[in-house]
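All remarks here apply to the structure that follows.
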Amino acid sequence: MKIRFTPSRLVIALLLTLPLNSYCTNTIVATKTDLTNKIASAKPGDTVTVKNGTYNWGSIILNNTKGTISSKWIVLQAETFNGVQFIGSTYLCFGGTRLLISGFKFVNGNAGTNDVIQFRGGTGATSPRAFYCRLTNITIDNYNSDSTGYSLPTPTDTKNRWVALFGSNNRIDHCTFLNKNNGAPTIAVMYDSANYPIGGLSTYHLIDSNYFKGRGWQGGNEGETIRVGLGSMSASDGYNVVEYNLFQDGKSSDPEIISNKSNRNTYRYNTFLNYDGGITLRQGRYCTVHSNFFIKTTNSKTSTSQYGVRVIDKGHSIYNNYFEALNANDGKLNTMPCPIVLYSGYSNTDSLVVPIPRYYSADSAIVAFNSILNCYGGAGIQIGFNADNAAPFKPKGIVIANNLIKMLNGQAVAVDTAAAGGQTVGFSAEGNLYKAPSGLGNAPTAGFTSNNISLTTKKYGAFIPPNVVKDAAVNSATYSPLLNGTDLFGFSRTSIFDVGAIELNATGTIINSPLDSTQVGAGMPIIILPVILHSFTGTRNNQTVALQWRVTATDEIDHFEIATSADGLIFNNENTVAVASKLQYQWTTLAAAREKVYYRLAIYTKSGKRIYAKPILLATTANEASVQIFPNPTKSTLGIFVSGISSPIEANIIDFTGKAVRRIYLQNGYNAFTLTSLVAGSYQVLIPSSQGISRHLPFVVAQ
């Protein structure tokens with residue numbers, strides 16, 4: 001089953017042979033000097049085409065100051081896809097805004113210690129960065145800097161990154177990366193700060209629809225495929241998205257396929273197929289890992305270990321992931337070969353800065369609605385372990401909920417009960433179903449139920465669970481905001497959720513399934529454009545309705561449309577909102593007289609397609625209290641105006657993970673709160689129904 005069109009993601013088929021901008025001036029170049037000069041003078045809408053051929057040009061340094069975040073692309077492309085091959089010591093650096101680079105192949109070269117491609121116009125620390133740029137349909141194959149050879153126990157290969165992302169709001173999509181066998185990441189997201197724990201500026205990069213195959217580094221550390229941040233910069237808020245990538249047939253001694261080292265990143269819809277290692281939330285906080293496939297099909301009992309997710313530090317959410325036939329070939333309890341492991345560490349408090357590269361212990365993580373099926377080894381989920389026995393602080397505030405675990409050997413869950421340094425593991429569990437030869441081991445039985453979990457049928461590339469999971473989840477409403485009401489495939493769950501990543505009676509359109517090499521990578525005929533609706537929310541009081549929504553790009557959007565309905569079925573067009581050079585939108589109108597109104601957002605694309613967001617229901621009554629929040633976005637002060645209440649009410653400010661970060665009290669009239677303690681990002685003011693008003697008021701803290 002291939003990925004279908006989805007309301008949250010625009011998929012437009014483009015023939016790669018068509019010109020990227022049919023109205024641009026197309027200049028053809030065949031020398032490095034000509035290329036450098038033409039890019040420097042190119043204006044938005046222009047295209048510079050490199051004539052087909054094989055070139056060994058050494059350093060290619062390109063800079064352009066003409067583009068803006070809302071201008072047309074400045075395009076650099078190969079004459080035909082893969083028709084331009086860079087060899088030898090060629091490497092590319094580019095800086096500017098709205099540059100699009102497409103169609104080139106780097107093959108069998110050696111860039112030394114230089115990055116093969118850098119999103120900055122030079123190799124120096126002050127070189128111009130790239131902003132709102134795109135690297136697409138690029139191939140890098142066997143471009144290893146290994147002229148000094150390789151030996152154990154100390155590898156002597158020259159290490160270099162293949163792609164280094166500087167700047168912000170850039171995209172790498174539909175690229176192919178093959179046979180990287182030396183040290184340093186294939187792709188690295190960089191931050192312009194080394195003053196740990198002070199963070200650099202947020203980067204907002206999108207890495208999607210790429211194909212990674214044949215990672216072969218055997219030198220220990222620095223064998224990552226994607227590294228998002230760096231230890232010395234790991235306090236940076238990233239807001240990066242890594243999605244719809246295929247990682248296949250990789251064998252590296254570094255267990256980190258993806259190494260997270262910054263805050264607030266999202267890893268979703270990726271497929272890890274026979275690729276040793278997993279996602280490691282190594283440093284950084286408040287990251288989300290959901291709807292990924294981790295699958296082993298090759299000699300699962302004896303091959304090198306493939307694990308899933310390692311959870312370190314605070315506030316991570318791990319849900320709707322699918323783990324199949326992953327193995328710990330030694331069958332022991334340790335931190336490496338395990339579908340999910342939550343680490344102990346050297347500190348569990350912000351007052352003690354942990355020296356790099358040591359760990360904070362896992363804190364306030366949610367592990368929910370994952371399917372761990374036919375796995376081998378020590379345990380399906382491990383809590384509190386660390387290969388370094390000197391790490392005394394155990395995880396705390398961990399929630400393990402509604403996971404489906406079937407082990408072919410070993411136990412379902414393992415908990416380190418050793419109270420090293422006076423610390424014990426702090427976690428709660430509910431709704432989990434399991435089947436394992438060694439049972440739960442030393443884990444408490446509360447929240448875990450043993451059952452007969454038979455797996456016989458696959459659909460959409462995953463085992464369909466038995467009926468025992470149906471409507472068996474505990475506290476579905478609590479986890480609905482976390483899951484956005486959807487399952488692994490993107491289907492809508494029923495009101496009482498099923499246990500595990502797959503909802504048996506789900507409805508909707510599939511947006512996620514295990515990827516193969518015909519769907520991603522360079523030269524594929526489907527280009528997934530970054531028109532992603534991140535959020536659509538609304539607030540209503542007695543006088544007005546305010547709707548807010550955010551997209552990640554506007555290249556293909558023509559306009560927005562708001563429609564209303566009394567029953568959620570028949571909608572009438574209300575207003576058209578023009579697209580602008582911004583990502584955050586708000587629409588305000590007078591509240592309708594009727595008690596309940598459904599509001600629907602439609603996105604119209606330039607190609608004529610129409611995409612709907614899920615309608616939201618806003619209700620009021622004549623005597624209901626009014627709550628308004630402003631300004632929004634805000635930088636330092638949040639104002640909340642309340643009317644219609646007889647006594648002060650209690651509320652909480654919650655972050656995007658659902659965690660309360662501050663308690664506030666509201667009185668009639670204007671209430672002002674200083675927000676200097678909050679990092680930039682999305683929040684809500686939550687007023688529980690017990691206070692007489694049920695409200696979720698979204699707001700954004702800007703940088």
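Residue numbers start at 1 in each chain; chains themselves are named A, B, ... in the order of the structure tokens; ligands are numbered from 1 in the order shown.
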Backbone DSSP call of strand (DSSP E or B) for range 264-301 of chain A, listed as a list in words: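 Here is the list: Thr266, Tyr267, Arg268, Thr271, Phe272, Leu273, Gly278, Ile279, Thr280, Leu281, Arg282, Gln283, Thr288, Val289, His290, Phe293, Phe294 and Ile295 of chain A.
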Output N, CA and C atoms for every residue in that selection, as an mmCIF file, in the first residue's frame.
data_model
loop_
_atom_site.group_PDB
_atom_site.id
_atom_site.type_symbol
_atom_site.label_atom_id
_atom_site.label_comp_id
_atom_site.auth_asym_id
_atom_site.auth_seq_id
_atom_site.Cartn_x
_atom_site.Cartn_y
_atom_site.Cartn_z
ATOM 1 N N THR A 266 10.609 16.754 15.884
ATOM 2 C CA THR A 266 9.611 15.722 15.604
ATOM 3 C C THR A 266 10.185 14.710 14.626
ATOM 4 N N TYR A 267 10.049 13.413 14.973
ATOM 5 C CA TYR A 267 10.494 12.310 14.118
ATOM 6 C C TYR A 267 9.287 11.421 13.861
ATOM 7 N N ARG A 268 8.808 11.389 12.623
ATOM 8 C CA ARG A 268 7.557 10.693 12.335
ATOM 9 C C ARG A 268 7.566 10.108 10.922
ATOM 10 N N THR A 271 10.790 4.916 8.096
ATOM 11 C CA THR A 271 10.920 3.466 8.084
ATOM 12 C C THR A 271 12.390 3.096 8.260
ATOM 13 N N PHE A 272 12.657 2.230 9.237
ATOM 14 C CA PHE A 272 13.995 1.711 9.500
ATOM 15 C C PHE A 272 13.961 0.218 9.188
ATOM 16 N N LEU A 273 14.547 -0.172 8.062
ATOM 17 C CA LEU A 273 14.452 -1.541 7.572
ATOM 18 C C LEU A 273 15.836 -2.189 7.567
ATOM 19 N N GLY A 278 18.972 2.873 15.938
ATOM 20 C CA GLY A 278 17.632 3.407 16.112
ATOM 21 C C GLY A 278 17.670 4.905 16.332
ATOM 22 N N ILE A 279 16.553 5.455 16.851
ATOM 23 C CA ILE A 279 16.465 6.873 17.199
ATOM 24 C C ILE A 279 16.922 7.032 18.640
ATOM 25 N N THR A 280 17.914 7.873 18.865
ATOM 26 C CA THR A 280 18.396 8.145 20.210
ATOM 27 C C THR A 280 18.128 9.606 20.555
ATOM 28 N N LEU A 281 17.281 9.821 21.547
ATOM 29 C CA LEU A 281 17.047 11.162 22.068
ATOM 30 C C LEU A 281 18.171 11.445 23.058
ATOM 31 N N ARG A 282 19.329 11.729 22.517
ATOM 32 C CA ARG A 282 20.590 11.699 23.240
ATOM 33 C C ARG A 282 20.747 12.881 24.196
ATOM 34 N N GLN A 283 20.504 14.079 23.673
ATOM 35 C CA GLN A 283 20.503 15.307 24.459
ATOM 36 C C GLN A 283 19.428 16.213 23.880
ATOM 37 N N THR A 288 9.238 14.592 19.977
ATOM 38 C CA THR A 288 8.152 13.670 19.680
ATOM 39 C C THR A 288 8.631 12.629 18.676
ATOM 40 N N VAL A 289 8.383 11.357 18.992
ATOM 41 C CA VAL A 289 8.705 10.252 18.092
ATOM 42 C C VAL A 289 7.418 9.466 17.892
ATOM 43 N N HIS A 290 6.838 9.542 16.707
ATOM 44 C CA HIS A 290 5.578 8.817 16.511
ATOM 45 C C HIS A 290 5.436 8.292 15.091
ATOM 46 N N PHE A 293 8.188 3.065 11.615
ATOM 47 C CA PHE A 293 8.290 1.611 11.474
ATOM 48 C C PHE A 293 9.747 1.193 11.689
ATOM 49 N N PHE A 294 9.964 0.288 12.639
ATOM 50 C CA PHE A 294 11.271 -0.319 12.867
ATOM 51 C C PHE A 294 11.112 -1.811 12.586
ATOM 52 N N ILE A 295 11.677 -2.290 11.483
ATOM 53 C CA ILE A 295 11.400 -3.649 11.024
ATOM 54 C C ILE A 295 12.704 -4.363 10.689
#
Counting only C-alpha atoms, what are the residues of range 198-276 of chain A within 12 Å of range 654-672 of chain A, and for each of them which pair of atoms is the nearest and at what distance in Å, to one decimal? Sort the table by chain and rising number, as JSON lines.
{"residue": "A:Tyr239", "atom": "CA", "partner": "A:Phe656", "partner_atom": "CA", "distance": 11.7}
{"residue": "A:Arg264", "atom": "CA", "partner": "A:Phe656", "partner_atom": "CA", "distance": 9.3}
{"residue": "A:Asn265", "atom": "CA", "partner": "A:Phe656", "partner_atom": "CA", "distance": 11.7}
{"residue": "A:Thr266", "atom": "CA", "partner": "A:Thr657", "partner_atom": "CA", "distance": 11.7}
What would the file look like if the residues just selected were written as a PDB file, in the first residue's frame with C-alpha atoms?
ATOM      1  CA  TYR A 239      11.453  22.640  15.835  1.00  0.00           C
ATOM      2  CA  ARG A 264      11.392  20.208  20.394  1.00  0.00           C
ATOM      3  CA  ASN A 265      12.050  18.146  17.268  1.00  0.00           C
ATOM      4  CA  THR A 266       9.611  15.722  15.604  1.00  0.00           C
TER       5      THR A 266
END
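Of the residues listed (A:Ser636, A:Thr47, A:Asn52, A:Asn245), A:Asn52 shows the shortest atom-to-atom separation from Thr31 in chain A; distances use only C-alpha atoms.
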Nearest candidate to Ala78 in chain A (options A:Ser513, A:Asn221, A:Thr25, A:Thr136; using only C-alpha atoms):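 Checking each of A:Ser513, A:Asn221, A:Thr25, A:Thr136 against Ala78 in chain A, counting only C-alpha atoms, the winner is A:Thr136.
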Distance in Å - CA of Phe323 in chain A versus CA of Ala414 in chain A: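 Pair CA of Phe323 in chain A / CA of Ala414 in chain A returns 17.1 Å.
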Would you mind listing what lies within 10 Å of range 478-486 of chain A as an mmCIF file with N, CA and C atoms, in the first residue's frame, with only C-alpha atoms counted and same-chain residues fewer than 3 positions away left out?
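The file below, out-v3.cif, is the result:
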data_model
loop_
_atom_site.group_PDB
_atom_site.id
_atom_site.type_symbol
_atom_site.label_atom_id
_atom_site.label_comp_id
_atom_site.auth_asym_id
_atom_site.auth_seq_id
_atom_site.Cartn_x
_atom_site.Cartn_y
_atom_site.Cartn_z
ATOM 1 N N THR A 288 9.238 14.592 19.977
ATOM 2 C CA THR A 288 8.152 13.670 19.680
ATOM 3 C C THR A 288 8.631 12.629 18.676
ATOM 4 N N HIS A 290 6.838 9.542 16.707
ATOM 5 C CA HIS A 290 5.578 8.817 16.511
ATOM 6 C C HIS A 290 5.436 8.292 15.091
ATOM 7 N N SER A 291 4.689 7.213 14.981
ATOM 8 C CA SER A 291 4.264 6.635 13.702
ATOM 9 C C SER A 291 5.437 6.228 12.815
ATOM 10 N N SER A 317 7.813 12.376 24.019
ATOM 11 C CA SER A 317 6.590 11.609 23.766
ATOM 12 C C SER A 317 6.875 10.563 22.697
ATOM 13 N N ILE A 318 6.606 9.291 23.030
ATOM 14 C CA ILE A 318 6.877 8.168 22.125
ATOM 15 C C ILE A 318 5.563 7.423 21.939
ATOM 16 N N TYR A 319 4.959 7.497 20.748
ATOM 17 C CA TYR A 319 3.642 6.873 20.587
ATOM 18 C C TYR A 319 3.398 6.453 19.134
ATOM 19 N N ASN A 320 2.470 5.512 18.982
ATOM 20 C CA ASN A 320 2.029 5.022 17.660
ATOM 21 C C ASN A 320 3.169 4.457 16.822
ATOM 22 N N ILE A 366 6.291 10.130 27.992
ATOM 23 C CA ILE A 366 5.091 9.340 27.748
ATOM 24 C C ILE A 366 5.413 8.298 26.685
ATOM 25 N N ALA A 368 3.341 5.474 24.844
ATOM 26 C CA ALA A 368 1.940 5.053 24.764
ATOM 27 C C ALA A 368 1.577 4.572 23.366
ATOM 28 N N PHE A 369 0.708 3.573 23.317
ATOM 29 C CA PHE A 369 0.099 3.085 22.079
ATOM 30 C C PHE A 369 1.139 2.659 21.045
ATOM 31 N N ALA A 401 1.686 3.435 28.794
ATOM 32 C CA ALA A 401 0.238 3.272 28.684
ATOM 33 C C ALA A 401 -0.179 2.651 27.357
ATOM 34 N N ASN A 402 -1.040 1.659 27.436
ATOM 35 C CA ASN A 402 -1.774 1.116 26.287
ATOM 36 C C ASN A 402 -0.863 0.634 25.160
ATOM 37 N N ALA A 473 -8.147 0.087 25.479
ATOM 38 C CA ALA A 473 -7.291 1.138 26.027
ATOM 39 C C ALA A 473 -7.931 1.769 27.252
ATOM 40 N N VAL A 474 -7.106 2.173 28.179
ATOM 41 C CA VAL A 474 -7.556 2.836 29.397
ATOM 42 C C VAL A 474 -7.397 4.346 29.222
ATOM 43 N N ASN A 475 -8.460 5.091 29.585
ATOM 44 C CA ASN A 475 -8.422 6.556 29.561
ATOM 45 C C ASN A 475 -8.106 7.113 28.179
ATOM 46 N N PHE A 489 -1.315 4.380 10.981
ATOM 47 C CA PHE A 489 -1.510 4.623 9.549
ATOM 48 C C PHE A 489 -2.082 6.006 9.267
ATOM 49 N N GLY A 490 -2.430 6.745 10.309
ATOM 50 C CA GLY A 490 -3.080 8.035 10.125
ATOM 51 C C GLY A 490 -4.583 7.956 10.119
ATOM 52 N N PHE A 491 -5.144 6.772 10.357
ATOM 53 C CA PHE A 491 -6.591 6.620 10.436
ATOM 54 C C PHE A 491 -7.122 7.245 11.731
ATOM 55 N N SER A 492 -8.392 7.647 11.718
ATOM 56 C CA SER A 492 -9.040 8.177 12.913
ATOM 57 C C SER A 492 -9.449 7.029 13.824
ATOM 58 N N ARG A 493 -9.086 7.114 15.093
ATOM 59 C CA ARG A 493 -9.461 6.103 16.071
ATOM 60 C C ARG A 493 -10.916 6.296 16.487
ATOM 61 N N THR A 494 -11.514 5.231 17.033
ATOM 62 C CA THR A 494 -12.858 5.315 17.580
ATOM 63 C C THR A 494 -12.803 5.944 18.965
ATOM 64 N N SER A 495 -13.950 6.188 19.567
ATOM 65 C CA SER A 495 -13.995 6.953 20.820
ATOM 66 C C SER A 495 -13.269 6.251 21.957
ATOM 67 N N ILE A 496 -13.368 4.924 22.040
ATOM 68 C CA ILE A 496 -12.552 4.156 22.975
ATOM 69 C C ILE A 496 -11.454 3.498 22.154
ATOM 70 N N PHE A 497 -10.216 3.863 22.397
ATOM 71 C CA PHE A 497 -9.116 3.446 21.544
ATOM 72 C C PHE A 497 -8.776 1.971 21.749
ATOM 73 N N ALA A 501 -0.510 0.428 18.379
ATOM 74 C CA ALA A 501 -0.404 1.474 17.365
ATOM 75 C C ALA A 501 -1.485 1.411 16.307
ATOM 76 N N ILE A 502 -2.210 0.292 16.209
ATOM 77 C CA ILE A 502 -3.169 0.091 15.118
ATOM 78 C C ILE A 502 -4.582 0.007 15.674
ATOM 79 N N GLU A 503 -5.505 0.800 15.123
ATOM 80 C CA GLU A 503 -6.916 0.788 15.490
ATOM 81 C C GLU A 503 -7.661 -0.107 14.504
ATOM 82 N N ALA A 506 -10.665 1.622 12.509
ATOM 83 C CA ALA A 506 -10.383 3.019 12.193
ATOM 84 C C ALA A 506 -10.953 3.396 10.833
ATOM 85 N N THR A 507 -11.149 4.686 10.617
ATOM 86 C CA THR A 507 -11.670 5.200 9.351
ATOM 87 C C THR A 507 -10.751 6.290 8.823
ATOM 88 N N GLY A 508 -10.926 6.605 7.550
ATOM 89 C CA GLY A 508 -10.150 7.688 6.961
ATOM 90 C C GLY A 508 -9.254 7.214 5.843
ATOM 91 N N PHE A 656 3.279 22.235 24.595
ATOM 92 C CA PHE A 656 2.699 21.440 23.515
ATOM 93 C C PHE A 656 2.667 19.945 23.824
ATOM 94 N N THR A 657 3.390 19.496 24.849
ATOM 95 C CA THR A 657 3.328 18.093 25.245
ATOM 96 C C THR A 657 2.186 17.820 26.202
ATOM 97 N N GLY A 658 1.487 18.872 26.656
ATOM 98 C CA GLY A 658 0.420 18.710 27.624
ATOM 99 C C GLY A 658 0.871 18.860 29.063
#
Residue neighbourhood range 437-441 of chain A, 9 Å, only C-alpha atoms, exclusion window fewer than 4 positions, as number ranges by chain: A: 379, 407-415, 445, 448, 450
Counting only C-alpha atoms, the residue of A:Gln586, A:Asn512, A:Ser59, A:Asn240 that sits nearest Tyr269 in chain A: A:Asn512
Nearest to Trp549 in chain A, chosen from A:Ala522, A:Ser565, A:Arg600, A:Leu678, with only C-alpha atoms counted in the distances: A:Arg600
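Picture a line from CA of Lys458 in chain A to CA of Lys406 in chain A; it runs 15.4 Å.
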From A:Ile74, A:Ala188, A:Gly67, A:Thr158, residue lying nearest Gln118 in chain A [only C-alpha atoms]: A:Ala188
Gap from CA of Ser364 in chain A to CA of Arg310 in chain A - Å, one decimal: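 CA of Arg310 in chain A lies 14.3 Å from CA of Ser364 in chain A.
With distances restricted to only C-alpha atoms, A:Ser581 is the closest residue to Lys72 in chain A from A:Asn179, A:Ser581, A:Asn160, A:Asp416.
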